[in-house]
>>> print(open('final.txt').read())   # compact mmCIF, N, CA, C and O atoms
# COMPACT_ATOMS: atom_id res chain seq x y z
N MET A 1 -117.65 -130.24 -55.72
CA MET A 1 -116.21 -130.37 -55.82
C MET A 1 -115.67 -130.77 -54.45
O MET A 1 -116.01 -130.18 -53.46
N SER A 2 -114.82 -131.76 -54.44
CA SER A 2 -114.24 -132.18 -53.17
C SER A 2 -112.86 -131.55 -53.01
O SER A 2 -112.17 -131.26 -53.96
N PHE A 3 -112.51 -131.35 -51.77
CA PHE A 3 -111.24 -130.73 -51.42
C PHE A 3 -110.73 -131.49 -50.21
O PHE A 3 -111.40 -131.54 -49.19
N THR A 4 -109.56 -132.09 -50.36
CA THR A 4 -109.09 -132.96 -49.29
C THR A 4 -108.51 -132.16 -48.13
O THR A 4 -108.16 -130.99 -48.26
N GLU A 5 -108.37 -132.85 -47.03
CA GLU A 5 -107.76 -132.25 -45.85
C GLU A 5 -106.31 -131.85 -46.14
O GLU A 5 -105.85 -130.80 -45.69
N ASN A 6 -105.61 -132.67 -46.91
CA ASN A 6 -104.22 -132.35 -47.28
C ASN A 6 -104.14 -131.10 -48.15
O ASN A 6 -103.23 -130.29 -47.99
N GLN A 7 -105.08 -130.95 -49.09
CA GLN A 7 -105.10 -129.77 -49.94
C GLN A 7 -105.36 -128.51 -49.10
O GLN A 7 -104.72 -127.48 -49.29
N GLU A 8 -106.29 -128.62 -48.18
CA GLU A 8 -106.58 -127.48 -47.31
C GLU A 8 -105.35 -127.15 -46.46
O GLU A 8 -104.99 -125.98 -46.30
N ALA A 9 -104.67 -128.15 -45.95
CA ALA A 9 -103.48 -127.93 -45.13
C ALA A 9 -102.38 -127.24 -45.94
O ALA A 9 -101.69 -126.35 -45.43
N LEU A 10 -102.23 -127.62 -47.20
CA LEU A 10 -101.24 -127.00 -48.07
C LEU A 10 -101.56 -125.52 -48.28
O LEU A 10 -100.68 -124.65 -48.17
N VAL A 11 -102.82 -125.21 -48.55
CA VAL A 11 -103.22 -123.81 -48.72
C VAL A 11 -103.00 -123.04 -47.42
O VAL A 11 -102.47 -121.93 -47.42
N ASN A 12 -103.39 -123.63 -46.30
CA ASN A 12 -103.23 -122.95 -45.01
C ASN A 12 -101.76 -122.68 -44.68
O ASN A 12 -101.41 -121.59 -44.23
N SER A 13 -100.89 -123.65 -44.92
CA SER A 13 -99.48 -123.45 -44.61
C SER A 13 -98.86 -122.41 -45.56
O SER A 13 -98.03 -121.60 -45.14
N SER A 14 -99.28 -122.42 -46.81
CA SER A 14 -98.80 -121.41 -47.76
C SER A 14 -99.24 -120.02 -47.34
O SER A 14 -98.48 -119.05 -47.40
N TYR A 15 -100.48 -119.92 -46.90
CA TYR A 15 -101.02 -118.64 -46.44
C TYR A 15 -100.25 -118.12 -45.23
O TYR A 15 -99.91 -116.94 -45.15
N GLU A 16 -99.95 -119.00 -44.30
CA GLU A 16 -99.19 -118.60 -43.12
C GLU A 16 -97.79 -118.13 -43.50
O GLU A 16 -97.27 -117.15 -42.96
N SER A 17 -97.14 -118.81 -44.45
CA SER A 17 -95.82 -118.40 -44.93
C SER A 17 -95.90 -117.03 -45.60
O SER A 17 -95.04 -116.17 -45.39
N PHE A 18 -96.92 -116.84 -46.42
CA PHE A 18 -97.12 -115.57 -47.10
C PHE A 18 -97.24 -114.42 -46.10
O PHE A 18 -96.62 -113.37 -46.26
N LYS A 19 -98.00 -114.63 -45.05
CA LYS A 19 -98.21 -113.58 -44.06
C LYS A 19 -96.93 -113.20 -43.32
O LYS A 19 -96.82 -112.09 -42.81
N GLN A 20 -95.96 -114.10 -43.29
CA GLN A 20 -94.71 -113.83 -42.57
C GLN A 20 -93.87 -112.74 -43.23
O GLN A 20 -93.08 -112.08 -42.57
N ASN A 21 -94.02 -112.56 -44.54
CA ASN A 21 -93.24 -111.55 -45.26
C ASN A 21 -94.06 -111.00 -46.42
O ASN A 21 -93.76 -111.24 -47.59
N LEU A 22 -95.10 -110.27 -46.09
CA LEU A 22 -96.03 -109.74 -47.10
C LEU A 22 -95.35 -108.92 -48.19
O LEU A 22 -95.62 -109.13 -49.37
N PRO A 23 -94.48 -107.98 -47.86
CA PRO A 23 -93.87 -107.18 -48.93
C PRO A 23 -93.11 -108.04 -49.95
O PRO A 23 -93.28 -107.87 -51.16
N HIS A 24 -92.31 -108.96 -49.47
CA HIS A 24 -91.51 -109.81 -50.36
C HIS A 24 -92.41 -110.69 -51.24
O HIS A 24 -92.25 -110.74 -52.47
N TYR A 25 -93.33 -111.40 -50.63
CA TYR A 25 -94.16 -112.33 -51.39
C TYR A 25 -95.16 -111.63 -52.29
O TYR A 25 -95.54 -112.17 -53.33
N SER A 26 -95.57 -110.42 -51.94
CA SER A 26 -96.45 -109.65 -52.82
C SER A 26 -95.73 -109.32 -54.13
O SER A 26 -96.28 -109.51 -55.22
N VAL A 27 -94.50 -108.83 -54.01
CA VAL A 27 -93.72 -108.50 -55.20
C VAL A 27 -93.44 -109.77 -56.00
O VAL A 27 -93.58 -109.79 -57.23
N LEU A 28 -93.08 -110.83 -55.33
CA LEU A 28 -92.79 -112.10 -56.00
C LEU A 28 -94.01 -112.62 -56.76
O LEU A 28 -93.90 -113.05 -57.92
N PHE A 29 -95.17 -112.54 -56.14
CA PHE A 29 -96.42 -113.00 -56.76
C PHE A 29 -96.67 -112.27 -58.09
O PHE A 29 -96.91 -112.89 -59.11
N TYR A 30 -96.60 -110.94 -58.07
CA TYR A 30 -96.87 -110.18 -59.29
C TYR A 30 -95.73 -110.29 -60.30
O TYR A 30 -95.97 -110.24 -61.51
N THR A 31 -94.52 -110.50 -59.83
CA THR A 31 -93.41 -110.73 -60.75
C THR A 31 -93.65 -112.01 -61.55
O THR A 31 -93.49 -112.04 -62.77
N PHE A 32 -94.08 -113.07 -60.88
CA PHE A 32 -94.38 -114.33 -61.57
C PHE A 32 -95.53 -114.16 -62.56
O PHE A 32 -95.48 -114.71 -63.66
N ILE A 33 -96.55 -113.43 -62.17
CA ILE A 33 -97.68 -113.19 -63.08
C ILE A 33 -97.18 -112.51 -64.36
O ILE A 33 -97.50 -112.93 -65.47
N LEU A 34 -96.39 -111.44 -64.20
CA LEU A 34 -95.95 -110.69 -65.37
C LEU A 34 -94.92 -111.43 -66.21
O LEU A 34 -94.82 -111.19 -67.41
N GLU A 35 -94.18 -112.35 -65.60
CA GLU A 35 -93.28 -113.18 -66.39
C GLU A 35 -94.07 -114.09 -67.32
O GLU A 35 -93.67 -114.33 -68.44
N LYS A 36 -95.20 -114.58 -66.84
CA LYS A 36 -96.03 -115.50 -67.62
C LYS A 36 -96.97 -114.77 -68.57
O LYS A 36 -97.31 -115.28 -69.63
N ALA A 37 -97.41 -113.57 -68.17
CA ALA A 37 -98.37 -112.82 -68.97
C ALA A 37 -98.07 -111.32 -68.87
O ALA A 37 -98.74 -110.59 -68.13
N PRO A 38 -97.06 -110.85 -69.61
CA PRO A 38 -96.67 -109.44 -69.52
C PRO A 38 -97.82 -108.46 -69.78
O PRO A 38 -97.87 -107.39 -69.16
N ALA A 39 -98.75 -108.81 -70.65
CA ALA A 39 -99.86 -107.90 -70.96
C ALA A 39 -100.79 -107.70 -69.76
O ALA A 39 -101.54 -106.72 -69.70
N ALA A 40 -100.72 -108.58 -68.78
CA ALA A 40 -101.57 -108.46 -67.59
C ALA A 40 -101.24 -107.22 -66.78
O ALA A 40 -102.05 -106.76 -65.97
N LYS A 41 -100.07 -106.65 -67.01
CA LYS A 41 -99.65 -105.45 -66.26
C LYS A 41 -100.70 -104.35 -66.35
O LYS A 41 -100.95 -103.64 -65.39
N GLU A 42 -101.32 -104.22 -67.49
CA GLU A 42 -102.32 -103.17 -67.70
C GLU A 42 -103.60 -103.40 -66.91
O GLU A 42 -104.41 -102.50 -66.78
N LEU A 43 -103.80 -104.59 -66.39
CA LEU A 43 -105.01 -104.90 -65.62
C LEU A 43 -104.91 -104.41 -64.18
O LEU A 43 -105.92 -104.31 -63.49
N PHE A 44 -103.70 -104.11 -63.74
CA PHE A 44 -103.48 -103.70 -62.35
C PHE A 44 -103.12 -102.21 -62.30
O PHE A 44 -102.05 -101.82 -62.76
N SER A 45 -104.00 -101.41 -61.72
CA SER A 45 -103.77 -99.97 -61.69
C SER A 45 -102.46 -99.61 -61.00
O SER A 45 -101.79 -98.65 -61.38
N PHE A 46 -102.05 -100.38 -60.01
CA PHE A 46 -100.84 -100.08 -59.27
C PHE A 46 -99.57 -100.49 -60.01
O PHE A 46 -98.47 -100.24 -59.55
N LEU A 47 -99.71 -101.13 -61.18
CA LEU A 47 -98.54 -101.52 -61.97
C LEU A 47 -98.45 -100.77 -63.30
O LEU A 47 -97.39 -100.76 -63.93
N LYS A 48 -99.53 -100.13 -63.74
CA LYS A 48 -99.59 -99.53 -65.07
C LYS A 48 -98.43 -98.60 -65.38
O LYS A 48 -97.86 -98.67 -66.44
N ASP A 49 -98.11 -97.71 -64.50
CA ASP A 49 -97.10 -96.69 -64.78
C ASP A 49 -95.74 -96.99 -64.16
O ASP A 49 -94.96 -96.09 -63.88
N THR A 50 -95.44 -98.27 -63.96
CA THR A 50 -94.16 -98.65 -63.38
C THR A 50 -93.33 -99.39 -64.41
O THR A 50 -93.87 -99.95 -65.37
N SER A 51 -92.03 -99.40 -64.22
CA SER A 51 -91.16 -100.11 -65.15
C SER A 51 -91.12 -101.60 -64.85
O SER A 51 -90.69 -102.39 -65.65
N GLY A 52 -91.54 -101.97 -63.67
CA GLY A 52 -91.57 -103.37 -63.27
C GLY A 52 -92.34 -103.49 -61.98
O GLY A 52 -92.98 -102.53 -61.54
N VAL A 53 -92.28 -104.64 -61.38
CA VAL A 53 -93.00 -104.84 -60.13
C VAL A 53 -92.15 -104.26 -59.01
O VAL A 53 -91.01 -104.65 -58.81
N GLN A 54 -92.72 -103.29 -58.33
CA GLN A 54 -92.06 -102.67 -57.20
C GLN A 54 -93.03 -102.67 -56.03
O GLN A 54 -94.24 -102.57 -56.22
N TYR A 55 -92.48 -102.74 -54.84
CA TYR A 55 -93.35 -102.74 -53.67
C TYR A 55 -94.14 -101.44 -53.58
O TYR A 55 -93.62 -100.36 -53.82
N SER A 56 -95.40 -101.58 -53.25
CA SER A 56 -96.24 -100.44 -52.91
C SER A 56 -97.34 -100.94 -51.99
O SER A 56 -97.68 -102.12 -52.01
N PRO A 57 -97.89 -100.06 -51.18
CA PRO A 57 -99.00 -100.48 -50.30
C PRO A 57 -100.19 -101.04 -51.10
O PRO A 57 -100.83 -101.98 -50.66
N LYS A 58 -100.47 -100.48 -52.28
CA LYS A 58 -101.59 -100.97 -53.09
C LYS A 58 -101.32 -102.39 -53.59
O LYS A 58 -102.21 -103.22 -53.61
N LEU A 59 -100.07 -102.63 -54.01
CA LEU A 59 -99.70 -103.97 -54.46
C LEU A 59 -99.86 -104.96 -53.32
O LEU A 59 -100.46 -106.02 -53.49
N GLN A 60 -99.34 -104.62 -52.16
CA GLN A 60 -99.45 -105.52 -51.02
C GLN A 60 -100.90 -105.76 -50.63
O GLN A 60 -101.30 -106.88 -50.35
N SER A 61 -101.69 -104.71 -50.63
CA SER A 61 -103.10 -104.84 -50.27
C SER A 61 -103.83 -105.78 -51.22
O SER A 61 -104.62 -106.64 -50.79
N HIS A 62 -103.56 -105.64 -52.51
CA HIS A 62 -104.21 -106.51 -53.49
C HIS A 62 -103.77 -107.95 -53.31
O HIS A 62 -104.59 -108.87 -53.34
N ALA A 63 -102.48 -108.17 -53.11
CA ALA A 63 -101.98 -109.53 -52.91
C ALA A 63 -102.59 -110.15 -51.66
O ALA A 63 -102.96 -111.32 -51.66
N GLU A 64 -102.71 -109.36 -50.60
CA GLU A 64 -103.34 -109.87 -49.36
C GLU A 64 -104.77 -110.31 -49.62
O GLU A 64 -105.21 -111.35 -49.12
N LYS A 65 -105.50 -109.53 -50.42
CA LYS A 65 -106.89 -109.87 -50.74
C LYS A 65 -106.95 -111.17 -51.55
O LYS A 65 -107.78 -112.03 -51.28
N VAL A 66 -106.07 -111.27 -52.55
CA VAL A 66 -106.07 -112.48 -53.39
C VAL A 66 -105.76 -113.72 -52.55
O VAL A 66 -106.50 -114.71 -52.61
N PHE A 67 -104.70 -113.65 -51.76
CA PHE A 67 -104.33 -114.81 -50.95
C PHE A 67 -105.35 -115.09 -49.86
O PHE A 67 -105.61 -116.24 -49.52
N GLY A 68 -105.96 -114.04 -49.33
CA GLY A 68 -107.03 -114.22 -48.34
C GLY A 68 -108.22 -114.94 -48.94
O GLY A 68 -108.82 -115.83 -48.32
N LEU A 69 -108.59 -114.57 -50.19
CA LEU A 69 -109.70 -115.23 -50.86
C LEU A 69 -109.40 -116.70 -51.15
O LEU A 69 -110.27 -117.56 -51.01
N VAL A 70 -108.17 -116.98 -51.55
CA VAL A 70 -107.77 -118.38 -51.79
C VAL A 70 -107.85 -119.17 -50.49
O VAL A 70 -108.39 -120.28 -50.45
N HIS A 71 -107.36 -118.58 -49.41
CA HIS A 71 -107.40 -119.23 -48.10
C HIS A 71 -108.85 -119.49 -47.68
O HIS A 71 -109.20 -120.60 -47.29
N ASP A 72 -109.69 -118.48 -47.77
CA ASP A 72 -111.10 -118.62 -47.39
C ASP A 72 -111.81 -119.65 -48.27
O ASP A 72 -112.64 -120.42 -47.79
N SER A 73 -111.48 -119.65 -49.56
CA SER A 73 -112.10 -120.60 -50.48
C SER A 73 -111.72 -122.04 -50.13
O SER A 73 -112.56 -122.94 -50.21
N ALA A 74 -110.47 -122.25 -49.74
CA ALA A 74 -110.04 -123.60 -49.34
C ALA A 74 -110.83 -124.09 -48.14
O ALA A 74 -111.26 -125.24 -48.09
N ILE A 75 -111.03 -123.21 -47.18
CA ILE A 75 -111.80 -123.58 -45.99
C ILE A 75 -113.24 -123.91 -46.37
O ILE A 75 -113.80 -124.91 -45.92
N GLN A 76 -113.84 -123.07 -47.22
CA GLN A 76 -115.22 -123.32 -47.64
C GLN A 76 -115.35 -124.62 -48.42
O GLN A 76 -116.32 -125.37 -48.22
N LEU A 77 -114.40 -124.88 -49.32
CA LEU A 77 -114.45 -126.12 -50.10
C LEU A 77 -114.40 -127.34 -49.19
O LEU A 77 -115.10 -128.32 -49.40
N ARG A 78 -113.56 -127.26 -48.19
CA ARG A 78 -113.41 -128.40 -47.28
C ARG A 78 -114.66 -128.60 -46.42
O ARG A 78 -115.10 -129.72 -46.21
N THR A 79 -115.23 -127.51 -45.93
CA THR A 79 -116.35 -127.63 -45.00
C THR A 79 -117.71 -127.74 -45.69
O THR A 79 -118.59 -128.44 -45.21
N LYS A 80 -117.87 -127.04 -46.83
CA LYS A 80 -119.19 -126.99 -47.49
C LYS A 80 -119.23 -127.66 -48.86
O LYS A 80 -120.30 -127.89 -49.39
N GLY A 81 -118.05 -127.87 -49.46
CA GLY A 81 -118.01 -128.46 -50.79
C GLY A 81 -118.24 -127.46 -51.90
O GLY A 81 -118.34 -127.81 -53.07
N GLU A 82 -118.32 -126.17 -51.54
CA GLU A 82 -118.52 -125.11 -52.54
C GLU A 82 -117.97 -123.80 -51.98
O GLU A 82 -117.68 -123.69 -50.80
N VAL A 83 -117.85 -122.82 -52.88
CA VAL A 83 -117.35 -121.52 -52.48
C VAL A 83 -118.41 -120.47 -52.78
O VAL A 83 -118.96 -120.42 -53.87
N ALA A 84 -118.67 -119.63 -51.80
CA ALA A 84 -119.58 -118.50 -51.97
C ALA A 84 -118.81 -117.23 -51.62
O ALA A 84 -118.32 -117.09 -50.50
N LEU A 85 -118.66 -116.35 -52.60
CA LEU A 85 -117.94 -115.11 -52.36
C LEU A 85 -118.77 -114.16 -51.52
O LEU A 85 -119.96 -114.00 -51.75
N GLY A 86 -118.13 -113.50 -50.59
CA GLY A 86 -118.81 -112.55 -49.74
C GLY A 86 -118.98 -111.19 -50.39
O GLY A 86 -119.84 -110.42 -50.01
N ASP A 87 -118.17 -110.90 -51.42
CA ASP A 87 -118.21 -109.60 -52.08
C ASP A 87 -118.82 -109.77 -53.47
O ASP A 87 -118.16 -110.21 -54.41
N ALA A 88 -120.07 -109.38 -53.60
CA ALA A 88 -120.81 -109.56 -54.85
C ALA A 88 -120.27 -108.67 -55.97
O ALA A 88 -120.52 -108.94 -57.15
N THR A 89 -119.52 -107.62 -55.64
CA THR A 89 -119.01 -106.71 -56.67
C THR A 89 -117.72 -107.21 -57.31
O THR A 89 -117.29 -106.68 -58.33
N LEU A 90 -117.11 -108.22 -56.73
CA LEU A 90 -115.82 -108.70 -57.20
C LEU A 90 -115.86 -109.13 -58.68
O LEU A 90 -114.99 -108.75 -59.46
N GLY A 91 -116.86 -109.90 -59.06
CA GLY A 91 -116.98 -110.34 -60.45
C GLY A 91 -117.17 -109.18 -61.41
O GLY A 91 -116.55 -109.13 -62.47
N ALA A 92 -118.01 -108.23 -61.03
CA ALA A 92 -118.27 -107.08 -61.89
C ALA A 92 -117.02 -106.25 -62.11
O ALA A 92 -116.76 -105.76 -63.22
N ILE A 93 -116.22 -106.10 -61.08
CA ILE A 93 -114.97 -105.33 -61.19
C ILE A 93 -114.02 -106.03 -62.17
O ILE A 93 -113.42 -105.38 -63.02
N HIS A 94 -113.91 -107.34 -62.06
CA HIS A 94 -113.03 -108.08 -62.95
C HIS A 94 -113.50 -108.01 -64.40
O HIS A 94 -112.70 -107.87 -65.32
N VAL A 95 -114.80 -108.08 -64.62
CA VAL A 95 -115.35 -107.95 -65.98
C VAL A 95 -115.05 -106.56 -66.53
O VAL A 95 -114.61 -106.40 -67.66
N GLN A 96 -115.26 -105.54 -65.71
CA GLN A 96 -115.01 -104.15 -66.11
C GLN A 96 -113.53 -103.95 -66.49
O GLN A 96 -113.23 -103.23 -67.44
N LYS A 97 -112.63 -104.60 -65.79
CA LYS A 97 -111.19 -104.46 -66.06
C LYS A 97 -110.75 -105.28 -67.27
O LYS A 97 -109.63 -105.14 -67.74
N GLY A 98 -111.63 -106.16 -67.78
CA GLY A 98 -111.28 -106.96 -68.94
C GLY A 98 -110.63 -108.29 -68.60
O GLY A 98 -109.99 -108.91 -69.44
N VAL A 99 -110.79 -108.74 -67.37
CA VAL A 99 -110.22 -110.02 -66.96
C VAL A 99 -111.05 -111.15 -67.59
O VAL A 99 -112.27 -111.13 -67.54
N VAL A 100 -110.35 -112.10 -68.20
CA VAL A 100 -111.00 -113.24 -68.84
C VAL A 100 -110.41 -114.54 -68.26
O VAL A 100 -109.38 -114.51 -67.59
N ASP A 101 -111.06 -115.65 -68.54
CA ASP A 101 -110.67 -116.93 -67.95
C ASP A 101 -109.17 -117.25 -68.05
O ASP A 101 -108.58 -117.70 -67.06
N PRO A 102 -108.51 -117.05 -69.20
CA PRO A 102 -107.08 -117.37 -69.27
C PRO A 102 -106.23 -116.59 -68.26
O PRO A 102 -105.18 -117.07 -67.85
N HIS A 103 -106.68 -115.41 -67.85
CA HIS A 103 -105.94 -114.66 -66.83
C HIS A 103 -105.92 -115.41 -65.50
O HIS A 103 -104.92 -115.38 -64.79
N PHE A 104 -107.02 -116.05 -65.16
CA PHE A 104 -107.08 -116.77 -63.89
C PHE A 104 -106.17 -117.98 -63.87
O PHE A 104 -105.65 -118.35 -62.83
N VAL A 105 -105.96 -118.58 -65.04
CA VAL A 105 -105.05 -119.73 -65.12
C VAL A 105 -103.64 -119.30 -64.73
O VAL A 105 -102.95 -120.00 -64.00
N VAL A 106 -103.23 -118.11 -65.17
CA VAL A 106 -101.90 -117.60 -64.84
C VAL A 106 -101.77 -117.39 -63.34
O VAL A 106 -100.79 -117.76 -62.72
N VAL A 107 -102.79 -116.79 -62.74
CA VAL A 107 -102.76 -116.50 -61.31
C VAL A 107 -102.81 -117.79 -60.52
O VAL A 107 -102.10 -117.99 -59.56
>>> encode(input="final.txt", output="C-alpha cells")
Amino acid sequence: MSFTENQEALVNSSYESFKQNLPHYSVLFYTFILEKAPAAKELFSFLKDTSGVQYSPKLQSHAEKVFGLVHDSAIQLRTKGEVALGDATLGAIHVQKGVVDPHFVVV
C-alpha cells in the first residue's frame, strides 16, 4: 500500500492539532462515533454507564492511543509501505470486546 507525502503531512498536522486540546478533541471524537453508531457506546467501558460523552481521564487516554496509532501508522506506511503493530494484544482485546470491521469504518 502506498501512502503519499501529502497524506502523511495531513495526518501529522491533524495529530499536532489534536494534541493542542486533548480534552476537547477526545470528547468530540467519541461524540462523532456515537452519532454515527450509537450501539458502539457499549464497546467502551468508560462510556457504558454515562448518559453521553463526557470528559474523563480514561476517555482521553483511549483517544490519545487511537490517534497515536493512526499517527504511527502513517509514518510506517510512508517509510516502509506497511504497518506493524507494536502491541500484539490489541487485536485480541478488540475481538474480545466484539469489535467487527464495520466499527472501524465509523472510526
>>> residues_around(input="final.txt", residues="segment 58-67 of chain A", least_positions_apart="6", cutoff="7 Å", atoms="only N, CA, C and O atoms", output="number ranges by chain")
A: 11, 15, 22-23, 25-27, 46, 73
>>> closest_residue(input="final.txt", among="A:Ala88, A:Leu47, A:Val83, A:Ile33", to="His103 of chain A", atoms="all atoms listed in the file")
A:Ile33
>>> closest_residue(input="final.txt", among="A:His24, A:Val100, A:Phe29, A:Leu69", to="Asp87 of chain A", atoms="only C-alpha atoms")
A:Leu69
>>> axis_aligned_box(input="final.txt", around="segment 73-81 of chain A", padding_each_side="6 Å", output="lines of an AutoDock Vina configuration file")
center_x = -115.2
center_y = -124.7
center_z = -49.0
size_x = 22.3
size_y = 22.1
size_z = 20.1
>>> residues_around(input="final.txt", residues="Phe44 of chain A", least_positions_apart="5", cutoff="12 Å", atoms="only C-alpha atoms", output="MDAnalysis selection string")
chainID A and resid 30 33:34 38:39 49:50 52:53 58:59 62:63 93:94 97:99
>>> closest_residue(input="final.txt", among="A:Thr4, A:Lys36, A:Leu43, A:Gln54", to="Gln96 of chain A", atoms="only C-alpha atoms")
A:Leu43
>>> atom_distance(input="final.txt", atom1="atom CA of Gln7 of chain A", atom2="atom CA of His71 of chain A")
10.9 Å
>>> atom_distance(input="final.txt", atom1="atom CA of Ala9 of chain A", atom2="atom O of Ala74 of chain A")
8.7 Å
>>> atom_distance(input="final.txt", atom1="atom CA of Val106 of chain A", atom2="atom CA of Leu28 of chain A")
13.8 Å
>>> closest_residue(input="final.txt", among="A:Phe3, A:Gln20, A:Ser13, A:Ala37", to="Leu77 of chain A", atoms="all atoms listed in the file")
A:Phe3
>>> select_by_dssp(input="final.txt", residues="segment 8-106 of chain A", states="helix (DSSP H, G or I)", output="PyMOL selection string")
chain A and resi 8-20+22-36+38-43+57-80+90-97+101-106
>>> build_atoms(input="final.txt", residues="segment 97-104 of chain A", atoms="all heavy atoms", output="PDB file, in the coordinates of the input")
ATOM      1  N   LYS A  97    -112.630-104.600 -65.790  1.00  0.00           N
ATOM      2  CA  LYS A  97    -111.190-104.460 -66.060  1.00  0.00           C
ATOM      3  C   LYS A  97    -110.750-105.280 -67.270  1.00  0.00           C
ATOM      4  O   LYS A  97    -109.630-105.140 -67.740  1.00  0.00           O
ATOM      5  CB  LYS A  97    -110.372-104.900 -64.843  1.00  0.00           C
ATOM      6  CG  LYS A  97    -110.588-104.065 -63.617  1.00  0.00           C
ATOM      7  CD  LYS A  97    -109.830-102.783 -63.698  1.00  0.00           C
ATOM      8  CE  LYS A  97    -109.968-102.003 -62.404  1.00  0.00           C
ATOM      9  NZ  LYS A  97    -109.321-100.727 -62.478  1.00  0.00           N
ATOM     10  N   GLY A  98    -111.630-106.160 -67.780  1.00  0.00           N
ATOM     11  CA  GLY A  98    -111.280-106.960 -68.940  1.00  0.00           C
ATOM     12  C   GLY A  98    -110.630-108.290 -68.600  1.00  0.00           C
ATOM     13  O   GLY A  98    -109.990-108.910 -69.440  1.00  0.00           O
ATOM     14  N   VAL A  99    -110.790-108.740 -67.370  1.00  0.00           N
ATOM     15  CA  VAL A  99    -110.220-110.020 -66.960  1.00  0.00           C
ATOM     16  C   VAL A  99    -111.050-111.150 -67.590  1.00  0.00           C
ATOM     17  O   VAL A  99    -112.270-111.130 -67.540  1.00  0.00           O
ATOM     18  CB  VAL A  99    -110.218-110.151 -65.424  1.00  0.00           C
ATOM     19  CG1 VAL A  99    -109.698-111.516 -65.005  1.00  0.00           C
ATOM     20  CG2 VAL A  99    -109.390-109.040 -64.799  1.00  0.00           C
ATOM     21  N   VAL A 100    -110.350-112.100 -68.200  1.00  0.00           N
ATOM     22  CA  VAL A 100    -111.000-113.240 -68.840  1.00  0.00           C
ATOM     23  C   VAL A 100    -110.410-114.540 -68.260  1.00  0.00           C
ATOM     24  O   VAL A 100    -109.380-114.510 -67.590  1.00  0.00           O
ATOM     25  CB  VAL A 100    -110.861-113.196 -70.379  1.00  0.00           C
ATOM     26  CG1 VAL A 100    -111.653-112.026 -70.964  1.00  0.00           C
ATOM     27  CG2 VAL A 100    -109.407-113.091 -70.794  1.00  0.00           C
ATOM     28  N   ASP A 101    -111.060-115.650 -68.540  1.00  0.00           N
ATOM     29  CA  ASP A 101    -110.670-116.930 -67.950  1.00  0.00           C
ATOM     30  C   ASP A 101    -109.170-117.250 -68.050  1.00  0.00           C
ATOM     31  O   ASP A 101    -108.580-117.700 -67.060  1.00  0.00           O
ATOM     32  CB  ASP A 101    -111.491-118.076 -68.531  1.00  0.00           C
ATOM     33  CG  ASP A 101    -112.922-118.083 -68.035  1.00  0.00           C
ATOM     34  OD1 ASP A 101    -113.218-117.368 -67.048  1.00  0.00           O
ATOM     35  OD2 ASP A 101    -113.760-118.797 -68.621  1.00  0.00           O
ATOM     36  N   PRO A 102    -108.510-117.050 -69.200  1.00  0.00           N
ATOM     37  CA  PRO A 102    -107.080-117.370 -69.270  1.00  0.00           C
ATOM     38  C   PRO A 102    -106.230-116.590 -68.260  1.00  0.00           C
ATOM     39  O   PRO A 102    -105.180-117.070 -67.850  1.00  0.00           O
ATOM     40  CB  PRO A 102    -106.692-116.992 -70.702  1.00  0.00           C
ATOM     41  CG  PRO A 102    -107.960-117.137 -71.480  1.00  0.00           C
ATOM     42  CD  PRO A 102    -109.052-116.688 -70.524  1.00  0.00           C
ATOM     43  N   HIS A 103    -106.680-115.410 -67.850  1.00  0.00           N
ATOM     44  CA  HIS A 103    -105.940-114.660 -66.830  1.00  0.00           C
ATOM     45  C   HIS A 103    -105.920-115.410 -65.500  1.00  0.00           C
ATOM     46  O   HIS A 103    -104.920-115.380 -64.790  1.00  0.00           O
ATOM     47  CB  HIS A 103    -106.545-113.271 -66.634  1.00  0.00           C
ATOM     48  CG  HIS A 103    -106.420-112.374 -67.815  1.00  0.00           C
ATOM     49  ND1 HIS A 103    -107.474-111.669 -68.317  1.00  0.00           N
ATOM     50  CD2 HIS A 103    -105.357-112.091 -68.599  1.00  0.00           C
ATOM     51  CE1 HIS A 103    -107.075-110.960 -69.363  1.00  0.00           C
ATOM     52  NE2 HIS A 103    -105.796-111.213 -69.561  1.00  0.00           N
ATOM     53  N   PHE A 104    -107.020-116.050 -65.160  1.00  0.00           N
ATOM     54  CA  PHE A 104    -107.080-116.770 -63.890  1.00  0.00           C
ATOM     55  C   PHE A 104    -106.170-117.980 -63.870  1.00  0.00           C
ATOM     56  O   PHE A 104    -105.650-118.350 -62.830  1.00  0.00           O
ATOM     57  CB  PHE A 104    -108.532-117.184 -63.582  1.00  0.00           C
ATOM     58  CG  PHE A 104    -109.414-116.014 -63.243  1.00  0.00           C
ATOM     59  CD1 PHE A 104    -110.292-115.497 -64.185  1.00  0.00           C
ATOM     60  CD2 PHE A 104    -109.366-115.414 -61.986  1.00  0.00           C
ATOM     61  CE1 PHE A 104    -111.101-114.417 -63.865  1.00  0.00           C
ATOM     62  CE2 PHE A 104    -110.176-114.337 -61.661  1.00  0.00           C
ATOM     63  CZ  PHE A 104    -111.047-113.819 -62.613  1.00  0.00           C
TER      64      PHE A 104
END
